[in-house]
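> Sharing my_file-v7.pdb, PDB, C-alpha atoms:
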ATOM      1  CA  MET A   1     110.934 120.688  74.722
ATOM      2  CA  GLY A   2     111.927 122.299  71.415
ATOM      3  CA  PHE A   3     115.629 122.269  72.317
ATOM      4  CA  ILE A   4     115.556 118.621  73.409
ATOM      5  CA  GLY A   5     113.522 117.538  70.381
ATOM      6  CA  ILE A   6     115.757 119.279  67.839
ATOM      7  CA  ASN A   7     119.106 118.259  69.341
ATOM      8  CA  PHE A   8     118.421 114.835  70.840
ATOM      9  CA  GLY A   9     114.929 113.725  69.863
ATOM     10  CA  LEU A  10     112.178 112.533  72.159
ATOM     11  CA  THR A  11     112.522 108.840  72.898
ATOM     12  CA  ILE A  12     110.096 107.278  75.359
ATOM     13  CA  PRO A  13     111.230 103.974  76.915
ATOM     14  CA  GLU A  14     109.030 100.978  76.156
ATOM     15  CA  GLY A  15     106.163 100.630  78.604
ATOM     16  CA  MET A  16     106.562 104.169  79.961
ATOM     17  CA  GLY A  17     104.571 106.273  77.479
ATOM     18  CA  PRO A  18     101.185 107.964  77.922
ATOM     19  CA  PHE A  19      99.386 105.012  76.345
ATOM     20  CA  ALA A  20     101.153 102.292  78.344
ATOM     21  CA  LEU A  21      97.927 101.508  80.174
ATOM     22  CA  GLU A  22      99.387  98.500  81.978
ATOM     23  CA  GLN A  23     100.775 101.082  84.397
ATOM     24  CA  LEU A  24      97.164 101.558  85.535
ATOM     25  CA  THR A  25      96.017  97.938  85.348
ATOM     26  CA  ALA A  26      98.945  95.676  86.295
ATOM     27  CA  PRO A  27     100.218  95.783  89.890
ATOM     28  CA  GLU A  28     103.619  94.479  88.765
ATOM     29  CA  ALA A  29     103.899  97.547  86.516
ATOM     30  CA  GLY A  30     103.233  99.867  89.461
ATOM     31  CA  ALA A  31      99.479 100.292  88.973
ATOM     32  CA  ALA A  32      98.719 100.435  92.701
ATOM     33  CA  ILE A  33     101.345 103.124  93.315
ATOM     34  CA  ASN A  34     100.218 105.104  90.267
ATOM     35  CA  TRP A  35      96.554 105.040  91.304
ATOM     36  CA  ALA A  36      97.519 105.935  94.874
ATOM     37  CA  THR A  37      99.497 108.926  93.608
ATOM     38  CA  ILE A  38      96.698 110.095  91.318
ATOM     39  CA  LEU A  39      94.015 109.803  93.998
ATOM     40  CA  ALA A  40      96.106 111.263  96.827
ATOM     41  CA  LEU A  41      97.090 114.305  94.758
ATOM     42  CA  GLY A  42      93.853 114.624  92.809
ATOM     43  CA  LEU A  43      91.329 114.094  95.620
ATOM     44  CA  GLY A  44      93.435 114.636  98.733
ATOM     45  CA  ASP A  45      94.379 118.112  97.536
ATOM     46  CA  ILE A  46      90.714 119.115  97.280
ATOM     47  CA  VAL A  47      90.631 119.590 101.055
ATOM     48  CA  ALA A  48      93.961 121.451 101.127
ATOM     49  CA  ILE A  49      93.689 124.749 102.981
ATOM     50  CA  ASP A  50      95.263 126.917 100.287
ATOM     51  CA  PHE A  51      93.026 125.438  97.579
ATOM     52  CA  MET A  52      89.903 125.848  99.700
ATOM     53  CA  ALA A  53      90.837 129.469 100.456
ATOM     54  CA  ARG A  54      90.987 130.213  96.729
ATOM     55  CA  VAL A  55      87.599 128.585  96.166
ATOM     56  CA  PHE A  56      85.983 130.482  99.048
ATOM     57  CA  ALA A  57      87.459 133.766  97.788
ATOM     58  CA  ALA A  58      85.802 133.450  94.371
ATOM     59  CA  ASP A  59      82.999 135.907  93.682
ATOM     60  CA  SER A  60      80.634 133.100  92.586
ATOM     61  CA  PRO A  61      80.491 129.298  92.294
ATOM     62  CA  GLU A  62      80.698 129.676  88.522
ATOM     63  CA  THR A  63      83.981 131.582  88.811
ATOM     64  CA  ALA A  64      85.456 128.890  91.059
ATOM     65  CA  GLN A  65      84.305 126.172  88.672
ATOM     66  CA  ARG A  66      85.752 127.897  85.606
ATOM     67  CA  ALA A  67      89.031 128.510  87.433
ATOM     68  CA  CYS A  68      89.352 124.813  88.313
ATOM     69  CA  LEU A  69      88.635 123.755  84.721
ATOM     70  CA  ILE A  70      91.106 126.279  83.283
ATOM     71  CA  GLY A  71      93.713 125.248  85.857
ATOM     72  CA  SER A  72      93.285 121.571  84.942
ATOM     73  CA  LEU A  73      93.666 122.405  81.235
ATOM     74  CA  GLY A  74      96.842 124.352  81.963
ATOM     75  CA  THR A  75      98.213 121.455  83.979
ATOM     76  CA  VAL A  76      97.698 119.081  81.048
ATOM     77  CA  LEU A  77      99.147 121.462  78.453
ATOM     78  CA  ILE A  78     102.276 122.098  80.539
ATOM     79  CA  GLY A  79     102.659 118.826  82.432
ATOM     80  CA  VAL A  80     102.335 116.325  79.568
ATOM     81  CA  PRO A  81     105.092 117.819  77.342
ATOM     82  CA  PHE A  82     107.388 118.212  80.341
ATOM     83  CA  SER A  83     106.743 114.587  81.309
ATOM     84  CA  ILE A  84     107.653 113.452  77.790
ATOM     85  CA  VAL A  85     110.945 115.343  78.085
ATOM     86  CA  ALA A  86     111.544 113.744  81.492
ATOM     87  CA  LEU A  87     111.048 110.258  80.016
ATOM     88  CA  SER A  88     113.809 110.989  77.471
ATOM     89  CA  VAL A  89     116.315 112.312  80.014
ATOM     90  CA  ASN A  90     118.046 109.048  80.947
ATOM     91  CA  ARG A  91     118.904 108.251  77.329
ATOM     92  CA  ILE A  92     120.141 111.798  76.751
ATOM     93  CA  LEU A  93     122.393 111.726  79.813
ATOM     94  CA  GLU A  94     123.842 108.381  78.724
ATOM     95  CA  GLN A  95     124.443 109.827  75.278
ATOM     96  CA  VAL A  96     126.448 112.794  76.617
ATOM     97  CA  GLY A  97     128.176 110.700  79.281
ATOM     98  CA  ILE A  98     126.710 112.316  82.402
ATOM     99  CA  THR A  99     125.891 110.394  85.582
ATOM    100  CA  PRO A 100     123.650 112.698  87.657
ATOM    101  CA  ASP A 101     124.328 112.976  91.362
ATOM    102  CA  GLY A 102     120.730 113.471  92.408
ATOM    103  CA  PRO A 103     117.603 114.241  90.353
ATOM    104  CA  VAL A 104     118.062 113.782  86.610
ATOM    105  CA  LEU A 105     116.745 117.307  86.023
ATOM    106  CA  PHE A 106     119.839 118.737  87.704
ATOM    107  CA  GLY A 107     122.067 116.642  85.465
ATOM    108  CA  LEU A 108     120.141 117.909  82.458
ATOM    109  CA  LEU A 109     120.575 121.520  83.566
ATOM    110  CA  GLN A 110     124.276 121.153  84.335
ATOM    111  CA  GLY A 111     125.466 119.387  81.214
ATOM    112  CA  VAL A 112     122.856 119.576  78.465
ATOM    113  CA  ILE A 113     120.559 122.600  78.634
ATOM    114  CA  PRO A 114     121.993 126.025  77.613
ATOM    115  CA  PRO A 115     122.463 128.399  80.575
ATOM    116  CA  THR A 116     119.711 130.761  79.379
ATOM    117  CA  ILE A 117     117.065 128.033  79.292
ATOM    118  CA  GLY A 118     118.412 126.577  82.542
ATOM    119  CA  LEU A 119     118.065 129.942  84.246
ATOM    120  CA  VAL A 120     114.415 130.165  83.208
ATOM    121  CA  ILE A 121     113.753 126.618  84.481
ATOM    122  CA  ILE A 122     115.400 127.333  87.837
ATOM    123  CA  ALA A 123     113.431 130.574  88.185
ATOM    124  CA  ALA A 124     110.225 128.665  87.409
ATOM    125  CA  ILE A 125     111.029 126.022  90.029
ATOM    126  CA  MET A 126     111.715 128.714  92.613
ATOM    127  CA  SER A 127     108.511 130.607  91.823
ATOM    128  CA  ALA A 128     106.428 127.424  92.013
ATOM    129  CA  SER A 129     108.074 126.487  95.306
ATOM    130  CA  LEU A 130     107.510 129.942  96.786
ATOM    131  CA  SER A 131     103.889 129.959  95.620
ATOM    132  CA  THR A 132     103.233 126.585  97.217
ATOM    133  CA  ALA A 133     105.113 127.441 100.398
ATOM    134  CA  ASP A 134     103.493 130.817 101.046
ATOM    135  CA  GLY A 135     100.029 129.409 100.346
ATOM    136  CA  ALA A 136     100.562 126.563 102.804
ATOM    137  CA  ILE A 137     102.144 128.805 105.456
ATOM    138  CA  LEU A 138      99.523 131.551 105.250
ATOM    139  CA  GLY A 139      96.571 129.176 104.970
ATOM    140  CA  THR A 140      97.662 127.026 107.912
ATOM    141  CA  SER A 141      98.520 130.034 110.080
ATOM    142  CA  SER A 142      95.197 131.707 109.342
ATOM    143  CA  VAL A 143      93.188 128.571 110.146
ATOM    144  CA  ILE A 144      95.055 128.048 113.425
ATOM    145  CA  ALA A 145      94.475 131.659 114.483
ATOM    146  CA  HIS A 146      90.877 131.962 113.300
ATOM    147  CA  ASN A 147      89.380 128.468 113.590
ATOM    148  CA  VAL A 148      91.498 126.667 116.197
ATOM    149  CA  ILE A 149      92.385 129.457 118.634
ATOM    150  CA  GLY A 150      89.129 131.233 117.834
ATOM    151  CA  ILE A 151      90.254 134.833 117.177
ATOM    152  CA  ARG A 152      87.479 136.697 115.378
ATOM    153  CA  HIS A 153      87.780 139.674 113.073
ATOM    154  CA  THR A 154      85.643 141.983 115.224
ATOM    155  CA  HIS A 155      86.004 145.203 117.206
ATOM    156  CA  HIS A 156      85.185 144.714 120.862
ATOM    157  CA  HIS A 157      85.600 147.196 123.740
ATOM    158  CA  GLY A 158      87.821 149.452 121.677
ATOM    159  CA  ALA A 159      90.246 146.665 120.761
ATOM    160  CA  SER A 160      90.557 145.546 117.201
ATOM    161  CA  GLY A 161      89.903 141.852 116.790
ATOM    162  CA  GLY A 162      91.292 142.176 113.276
ATOM    163  CA  ASP A 163      94.638 143.422 114.616
ATOM    164  CA  LYS A 164      94.784 140.556 117.100
ATOM    165  CA  LEU A 165      93.895 138.030 114.419
ATOM    166  CA  LEU A 166      96.631 139.461 112.187
ATOM    167  CA  LEU A 167      99.165 139.332 115.016
ATOM    168  CA  ILE A 168      98.399 135.707 115.916
ATOM    169  CA  THR A 169      98.468 134.746 112.239
ATOM    170  CA  ARG A 170     101.927 136.309 111.842
ATOM    171  CA  VAL A 171     103.234 134.528 114.929
ATOM    172  CA  MET A 172     101.870 131.187 113.717
ATOM    173  CA  ALA A 173     103.432 131.819 110.294
ATOM    174  CA  ILE A 174     106.850 131.867 111.969
ATOM    175  CA  VAL A 175     106.086 128.601 113.776
ATOM    176  CA  ILE A 176     104.809 126.902 110.601
ATOM    177  CA  THR A 177     107.838 128.099 108.628
ATOM    178  CA  LEU A 178     110.247 126.684 111.233
ATOM    179  CA  LEU A 179     108.371 123.374 111.134
ATOM    180  CA  GLY A 180     108.672 123.390 107.353
ATOM    181  CA  VAL A 181     112.436 123.970 107.584
ATOM    182  CA  PHE A 182     112.716 121.115 110.100
ATOM    183  CA  PHE A 183     110.890 118.641 107.872
ATOM    184  CA  ALA A 184     112.863 119.773 104.808
ATOM    185  CA  MET A 185     116.123 119.042 106.627
ATOM    186  CA  ARG A 186     114.832 115.806 108.144
ATOM    187  CA  ILE A 187     113.209 114.343 105.028
ATOM    188  CA  PRO A 188     115.100 114.965 101.764
ATOM    189  CA  GLN A 189     112.831 112.524  99.883
ATOM    190  CA  THR A 190     109.887 114.726  98.944
ATOM    191  CA  GLY A 191     107.797 111.703  97.954
ATOM    192  CA  VAL A 192     107.342 110.798 101.610
ATOM    193  CA  LEU A 193     105.776 114.204 102.207
ATOM    194  CA  LEU A 194     102.850 113.156 100.018
ATOM    195  CA  LEU A 195     101.590 111.676 103.292
ATOM    196  CA  ALA A 196      99.941 115.062 103.876
ATOM    197  CA  PHE A 197      97.704 114.590 100.815
ATOM    198  CA  ASP A 198      97.265 110.941 101.745
ATOM    199  CA  LEU A 199      95.888 111.914 105.156
ATOM    200  CA  GLY A 200      93.514 114.396 103.537
ATOM    201  CA  PHE A 201      92.316 111.706 101.151
ATOM    202  CA  ALA A 202      91.933 109.124 103.941
ATOM    203  CA  GLY A 203      90.170 111.261 106.539
ATOM    204  CA  LEU A 204      88.673 114.379 104.981
ATOM    205  CA  VAL A 205      87.330 113.708 101.483
ATOM    206  CA  VAL A 206      84.483 111.465 102.693
ATOM    207  CA  PRO A 207      83.184 113.918 105.368
ATOM    208  CA  LEU A 208      83.443 116.829 102.930
ATOM    209  CA  THR A 209      81.521 114.948 100.229
ATOM    210  CA  GLY A 210      78.974 113.606 102.703
ATOM    211  CA  GLY A 211      78.440 117.006 104.298
ATOM    212  CA  LEU A 212      77.797 118.595 100.908
ATOM    213  CA  PHE A 213      75.619 115.963  99.236
ATOM    214  CA  TRP A 214      74.180 113.702 101.959
ATOM    215  CA  LEU A 215      71.405 115.278 104.011
ATOM    216  CA  ARG A 216      71.541 112.521 106.640
ATOM    217  CA  SER A 217      75.196 113.231 107.463
ATOM    218  CA  THR A 218      76.038 114.051 111.081
ATOM    219  CA  TRP A 219      79.001 115.723 112.709
ATOM    220  CA  GLN A 220      79.608 112.561 114.756
ATOM    221  CA  GLY A 221      79.996 110.531 111.565
ATOM    222  CA  ALA A 222      82.323 113.144 110.077
ATOM    223  CA  LEU A 223      84.498 113.238 113.200
ATOM    224  CA  ALA A 224      84.642 109.432 113.398
ATOM    225  CA  CYS A 225      85.693 109.224 109.748
ATOM    226  CA  ILE A 226      88.392 111.877 110.238
ATOM    227  CA  ILE A 227      89.857 110.065 113.250
ATOM    228  CA  VAL A 228      89.626 106.473 111.987
ATOM    229  CA  GLY A 229      90.612 107.231 108.398
ATOM    230  CA  SER A 230      93.636 109.309 109.416
ATOM    231  CA  LEU A 231      94.795 106.841 112.090
ATOM    232  CA  THR A 232      94.445 103.958 109.638
ATOM    233  CA  ARG A 233      96.645 105.745 107.114
ATOM    234  CA  LEU A 234      99.203 106.623 109.791
ATOM    235  CA  PHE A 235      99.265 102.974 110.917
ATOM    236  CA  PHE A 236      99.966 101.796 107.389
ATOM    237  CA  PHE A 237     102.596 104.523 107.005
ATOM    238  CA  VAL A 238     104.714 103.472 109.988
ATOM    239  CA  MET A 239     104.374  99.791 109.000
ATOM    240  CA  MET A 240     105.417 100.235 105.356
ATOM    241  CA  PRO A 241     109.100 100.366 104.324
ATOM    242  CA  THR A 242     108.251 102.457 101.248
ATOM    243  CA  MET A 243     105.704 105.061 100.229
ATOM    244  CA  PHE A 244     104.957 105.826  96.569
ATOM    245  CA  GLY A 245     108.092 103.859  95.732
ATOM    246  CA  VAL A 246     110.309 105.965  98.029
ATOM    247  CA  ASP A 247     112.012 104.637 101.163
ATOM    248  CA  ASN A 248     110.212 105.577 104.363
ATOM    249  CA  THR A 249     112.956 107.476 106.169
ATOM    250  CA  LEU A 250     110.596 109.333 108.503
ATOM    251  CA  LEU A 251     109.147 106.607 110.735
ATOM    252  CA  TYR A 252     109.216 102.904 109.916
ATOM    253  CA  ILE A 253     108.675 100.008 112.311
ATOM    254  CA  PRO A 254     110.218  96.843 110.805
ATOM    255  CA  ASN A 255     107.685  94.023 110.592
ATOM    256  CA  PRO A 256     107.085  90.844 108.543
ATOM    257  CA  LEU A 257     103.496  91.711 107.603
ATOM    258  CA  PHE A 258     103.846  94.596 105.168
ATOM    259  CA  GLN A 259     106.415  94.603 102.352
ATOM    260  CA  SER A 260     107.190  96.965  99.484
ATOM    261  CA  SER A 261     104.886  94.968  97.199
ATOM    262  CA  PHE A 262     101.940  96.300  99.240
ATOM    263  CA  ASP A 263     102.932  99.905  98.457
ATOM    264  CA  GLY A 264     100.026 101.948  97.107
ATOM    265  CA  PHE A 265      97.273  99.849  98.625
ATOM    266  CA  PRO A 266      97.257 101.679 102.004
ATOM    267  CA  THR A 267      96.231 104.851 100.160
ATOM    268  CA  LEU A 268      93.327 103.005  98.525
ATOM    269  CA  ILE A 269      92.186 101.127 101.647
ATOM    270  CA  SER A 270      92.244 103.890 104.282
ATOM    271  CA  PRO A 271      89.433 106.108 102.869
ATOM    272  CA  LEU A 272      87.248 103.024 102.360
ATOM    273  CA  ILE A 273      87.597 102.190 106.058
ATOM    274  CA  GLY A 274      86.766 105.818 106.877
ATOM    275  CA  LEU A 275      83.697 105.621 104.610
ATOM    276  CA  VAL A 276      82.394 102.524 106.416
ATOM    277  CA  VAL A 277      82.850 104.217 109.791
ATOM    278  CA  PHE A 278      81.167 107.387 108.485
ATOM    279  CA  VAL A 279      78.089 105.492 107.272
ATOM    280  CA  VAL A 280      77.769 103.380 110.431
ATOM    281  CA  VAL A 281      78.133 106.316 112.820
ATOM    282  CA  PHE A 282      75.762 108.654 110.994
ATOM    283  CA  HIS A 283      73.131 105.882 110.917
ATOM    284  CA  LEU A 284      73.504 105.575 114.684
ATOM    285  CA  THR A 285      73.420 109.316 115.385
ATOM    286  CA  TYR A 286      71.060 110.718 112.734
ATOM    287  CA  GLN A 287      67.884 112.306 114.064
ATOM    288  CA  PRO A 288      65.260 113.804 111.743
ATOM    289  CA  VAL A 289      64.681 117.512 112.156
ATOM    290  CA  LYS A 290      61.429 118.174 113.989
ATOM    291  CA  ALA A 291      58.690 119.897 112.055
ATOM    292  CA  GLN A 292      58.250 123.606 112.779
ATOM    293  CA  GLU A 293      55.465 124.705 115.071
ATOM    294  CA  PRO A 294      52.385 126.170 113.409
ATOM    295  CA  LEU A 295      52.618 129.856 112.607
ATOM    296  CA  MET A 296      49.683 130.635 114.898
ATOM    297  CA  ALA A 297      51.525 129.201 117.897
ATOM    298  CA  ILE A 298      54.626 131.225 116.995
ATOM    299  CA  HIS A 299      52.576 134.402 116.738
ATOM    300  CA  GLU A 300      51.038 133.625 120.126
ATOM    301  CA  VAL A 301      54.471 133.227 121.690
ATOM    302  CA  ASN A 302      55.654 136.483 120.140
ATOM    303  CA  ARG A 303      52.530 138.300 121.368
TER     304      ARG A 303
END
Please, can you express the file's structure as structure tokens?


Amino acid sequence: MGFIGINFGLTIPEGMGPFALEQLTAPEAGAAINWATILALGLGDIVAIDFMARVFAADSPETAQRACLIGSLGTVLIGVPFSIVALSVNRILEQVGITPDGPVLFGLLQGVIPPTIGLVIIAAIMSASLSTADGAILGTSSVIAHNVIGIRHTHHHGASGGDKLLLITRVMAIVITLLGVFFAMRIPQTGVLLLAFDLGFAGLVVPLTGGLFWLRSTWQGALACIIVGSLTRLFFFVMMPTMFGVDNTLLYIPNPLFQSSFDGFPTLISPLIGLVVFVVVFHLTYQPVKAQEPLMAIHEVNR
């Protein structure tokens, strides 16, 4: 930021700055897409496996809470200045006569930024990518082995359940990595991959919140919300030509009903449909817990 500010200045295009609030209020300025992005990343990532694993590993709720607050502060302190630099990039590239073939950051690194600073930026991108990738691979593999397949970390009949759990986790890590490579080759537009957070926001945030704070919640309501919310978001996904302003190159069924102007709204609608289903189903399936038997009767049974 210092190099850009000293040599080129920081010029934010009109209507694109931090206080251009029409970007959050006017649909024609992209408000729906912006809110969809904020909610999908901000709330959909709460149920992400790697994030949950970090929370569960904390030594106390207070530690987890402080870590989240410190992490959010770090995101603001680093992300806002970098975003201001990004808003100035197009003018800078025009000034030096560079037409980037791909992301503007690469054009900035190739023709504007000194090699030393560029090397640090590339190393930072690689480290962030590796951190995200290994967290997703390990978290997903561990959940498949432990929660889906059902391998437990126990010793039984002389065999180590921990060794078996580790083995299955390693095997699943290979499978998950190959799937990641496949999607990376198949979908170069990373914006489409935000569907993963979108699905978490549509199908998982409501059951998680209800299970934590609503005593009348039932597993039937949670399961119904997961299924309906996720399927609703998938339906919108295959029917929309764009997602977060990026062309849907993964799976799009051409139709006259949904156009690019509707982009962003599927993210906002899907969890609301899941919430309605969650409330209806738990009302139909909730049964009050029966009162405990008197202690005298329990003592009699024990005797």

> Which value, in Å to one decimal, gives the distance between atom CA of A:Ala202 and atom CA of A:Gly229?

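Atom-to-atom, atom CA of A:Ala202 to atom CA of A:Gly229, that is 5.0 Å.
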
> Tell me which of A:Pro81, A:Gly102, A:Gly180, A:Gly42 sits closest to A:Ile137, counting only C-alpha atoms.

A:Gly180

> Could you check the closest approach to A:Leu166 for each of A:Ile253, A:Ile226, A:Ile92, A:Val143 and tell me which residue wins, using all atoms listed in the file?

A:Val143

> At what distance in Å, to one decimal, does atom CA of A:Phe244 lie from atom CA of A:Ala31?

10.9 Å

> Run the PyMOL selection byres ((chain A and resi 249) around 10) against the file shown and list the residues it catches, as a ChimeraX atom specification.

/A:186-189,192,238,241-243,246-248,250-252

> What's the 10 Å shell around stretch 119-121 of chain A, counting only C-alpha atoms, without same-chain residues fewer than 6 positions away, as a list in words?

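Here the qualifying residues turn out to be Leu105, Leu109, Ile113 and Ser127 of chain A.
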
> Please evaluate the PyMOL selection byres ((chain A and resi 19-30) around 10) against the displayed coordinates and give the resulting residues as a list in words.

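On the file shown, the PyMOL selection byres ((chain A and resi 19-30) around 10) covers Glu14, Gly15, Met16, Gly17, Pro18, Ala31, Ala32, Ile33, Asn34, Trp35, Ala36, Phe244, Gly245, Ser261, Phe262, Asp263 and Gly264 of chain A.
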
> Taking all atoms listed in the file into account, name the residue in A:Ala48, A:Val206, A:Ile98, A:Leu257 that is nearest to A:Ile273.

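Checking each candidate against A:Ile273, we get A:Val206 as the closest.
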
> Taking all listed atoms of stretch 105-114 of chain A, build the axis-aligned box, pad each of the six sides by 3 Å, then write its centre and edge lengths in Å to one decimal as JSON.


{"center_x": 121.1, "center_y": 121.3, "center_z": 82.7, "size_x": 14.7, "size_y": 15.4, "size_z": 16.1}

> If I take atom CA of A:Gly211 and atom CA of A:Val55, how far is one from the other in Å, to one decimal?

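Interatomic distance here is 16.9 Å.
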
> Neighbours of stretch 194-200 of chain A within 9 Å (all atoms listed in the file; same-chain residues fewer than 4 positions away dropped), as number ranges by chain?

A: 36-37, 39-48, 190, 204-205, 226, 229-231, 233-234, 237, 243-244, 267, 270-271

> Could the residues in this selection be saved with C-alpha atoms as a compact mmCIF listing (two decimals), keeping the file's coordinate frame?


# COMPACT_ATOMS: atom_id res chain seq x y z
CA ALA A 36 97.52 105.94 94.87
CA THR A 37 99.50 108.93 93.61
CA LEU A 39 94.02 109.80 94.00
CA ALA A 40 96.11 111.26 96.83
CA LEU A 41 97.09 114.30 94.76
CA GLY A 42 93.85 114.62 92.81
CA LEU A 43 91.33 114.09 95.62
CA GLY A 44 93.44 114.64 98.73
CA ASP A 45 94.38 118.11 97.54
CA ILE A 46 90.71 119.12 97.28
CA VAL A 47 90.63 119.59 101.06
CA ALA A 48 93.96 121.45 101.13
CA THR A 190 109.89 114.73 98.94
CA LEU A 204 88.67 114.38 104.98
CA VAL A 205 87.33 113.71 101.48
CA ILE A 226 88.39 111.88 110.24
CA GLY A 229 90.61 107.23 108.40
CA SER A 230 93.64 109.31 109.42
CA LEU A 231 94.80 106.84 112.09
CA ARG A 233 96.64 105.74 107.11
CA LEU A 234 99.20 106.62 109.79
CA PHE A 237 102.60 104.52 107.00
CA MET A 243 105.70 105.06 100.23
CA PHE A 244 104.96 105.83 96.57
CA THR A 267 96.23 104.85 100.16
CA SER A 270 92.24 103.89 104.28
CA PRO A 271 89.43 106.11 102.87

> Using 12 Å as the limit and counting all atoms listed in the file, can you tabulate each residue of stretch 191-261 of chain A that touches stretch 275-290 of chain A, with its shortest atom-to-atom distance in Å and the two atoms involved, as a Markdown table?


| residue | atom | partner | partner_atom | distance |
| --- | --- | --- | --- | --- |
| A:Phe201 | CA | A:Leu275 | CA | 11.1 |
| A:Ala202 | CA | A:Leu275 | CA | 9.0 |
| A:Gly203 | CA | A:Leu275 | CA | 8.8 |
| A:Leu204 | CA | A:Leu275 | CA | 10.1 |
| A:Val205 | CA | A:Leu275 | CA | 9.4 |
| A:Val206 | CA | A:Leu275 | CA | 6.2 |
| A:Pro207 | CA | A:Phe278 | CA | 7.5 |
| A:Leu208 | CA | A:Phe278 | CA | 11.2 |
| A:Thr209 | CA | A:Leu275 | CA | 10.5 |
| A:Gly210 | CA | A:Phe278 | CA | 8.8 |
| A:Gly211 | CA | A:Phe278 | CA | 10.8 |
| A:Trp214 | CA | A:Phe282 | CA | 10.5 |
| A:Leu215 | CA | A:Tyr286 | CA | 9.8 |
| A:Arg216 | CA | A:Tyr286 | CA | 6.4 |
| A:Ser217 | CA | A:Phe282 | CA | 5.8 |
| A:Thr218 | CA | A:Phe282 | CA | 5.4 |
| A:Trp219 | CA | A:Phe282 | CA | 8.0 |
| A:Gln220 | CA | A:Phe282 | CA | 6.6 |
| A:Gly221 | CA | A:Phe278 | CA | 4.6 |
| A:Ala222 | CA | A:Phe278 | CA | 6.1 |
| A:Leu223 | CA | A:Phe278 | CA | 8.2 |
| A:Ala224 | CA | A:Phe278 | CA | 6.4 |
| A:Cys225 | CA | A:Phe278 | CA | 5.0 |
| A:Ile226 | CA | A:Phe278 | CA | 8.7 |
| A:Ile227 | CA | A:Val277 | CA | 9.8 |
| A:Val228 | CA | A:Val277 | CA | 7.5 |
| A:Gly229 | CA | A:Leu275 | CA | 8.0 |
| A:Ser230 | CA | A:Leu275 | CA | 11.6 |
| A:Thr232 | CA | A:Val277 | CA | 11.6 |

> Pick the closest to A:Ile84 from A:Ile6, A:Phe182, A:Thr11, A:Gly274: which is it, counting all atoms listed in the file?

A:Thr11

> To verify the selection step, state as a VMD selection string which residues the PyMOL selection byres ((chain A and resi 168-170) around 12) yields on this input.

chain A and resid 137 to 153 161 to 167 171 to 177

> Next, write the just-selected residues to a file, as a compact mmCIF listing (two decimals), in the frame of the given file, keeping C-alpha atoms as the atom set.


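Output file again29.txt follows:
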# COMPACT_ATOMS: atom_id res chain seq x y z
CA ILE A 137 102.14 128.80 105.46
CA LEU A 138 99.52 131.55 105.25
CA GLY A 139 96.57 129.18 104.97
CA THR A 140 97.66 127.03 107.91
CA SER A 141 98.52 130.03 110.08
CA SER A 142 95.20 131.71 109.34
CA VAL A 143 93.19 128.57 110.15
CA ILE A 144 95.06 128.05 113.42
CA ALA A 145 94.48 131.66 114.48
CA HIS A 146 90.88 131.96 113.30
CA ASN A 147 89.38 128.47 113.59
CA VAL A 148 91.50 126.67 116.20
CA ILE A 149 92.38 129.46 118.63
CA GLY A 150 89.13 131.23 117.83
CA ILE A 151 90.25 134.83 117.18
CA ARG A 152 87.48 136.70 115.38
CA HIS A 153 87.78 139.67 113.07
CA GLY A 161 89.90 141.85 116.79
CA GLY A 162 91.29 142.18 113.28
CA ASP A 163 94.64 143.42 114.62
CA LYS A 164 94.78 140.56 117.10
CA LEU A 165 93.90 138.03 114.42
CA LEU A 166 96.63 139.46 112.19
CA LEU A 167 99.16 139.33 115.02
CA VAL A 171 103.23 134.53 114.93
CA MET A 172 101.87 131.19 113.72
CA ALA A 173 103.43 131.82 110.29
CA ILE A 174 106.85 131.87 111.97
CA VAL A 175 106.09 128.60 113.78
CA ILE A 176 104.81 126.90 110.60
CA THR A 177 107.84 128.10 108.63

> Which residues are near A:Leu108? Cut-off 12 Å, only C-alpha atoms, ignore same chain within fewer than 3 positions. Put them as a ChimeraX atom specification.

/A:3-4,85-86,88-105,111-115,117-118,121-122

> Would you pick out the contacts of A:Ala136 at 8 Å or less, using all atoms listed in the file, so that residues sharing its chain but fewer than 4 positions from it are not included, and give the list as a list in words?

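Neighbouring residues, sequence-local ones excluded: Ile49, Asp50, Thr132 and Thr140 of chain A.
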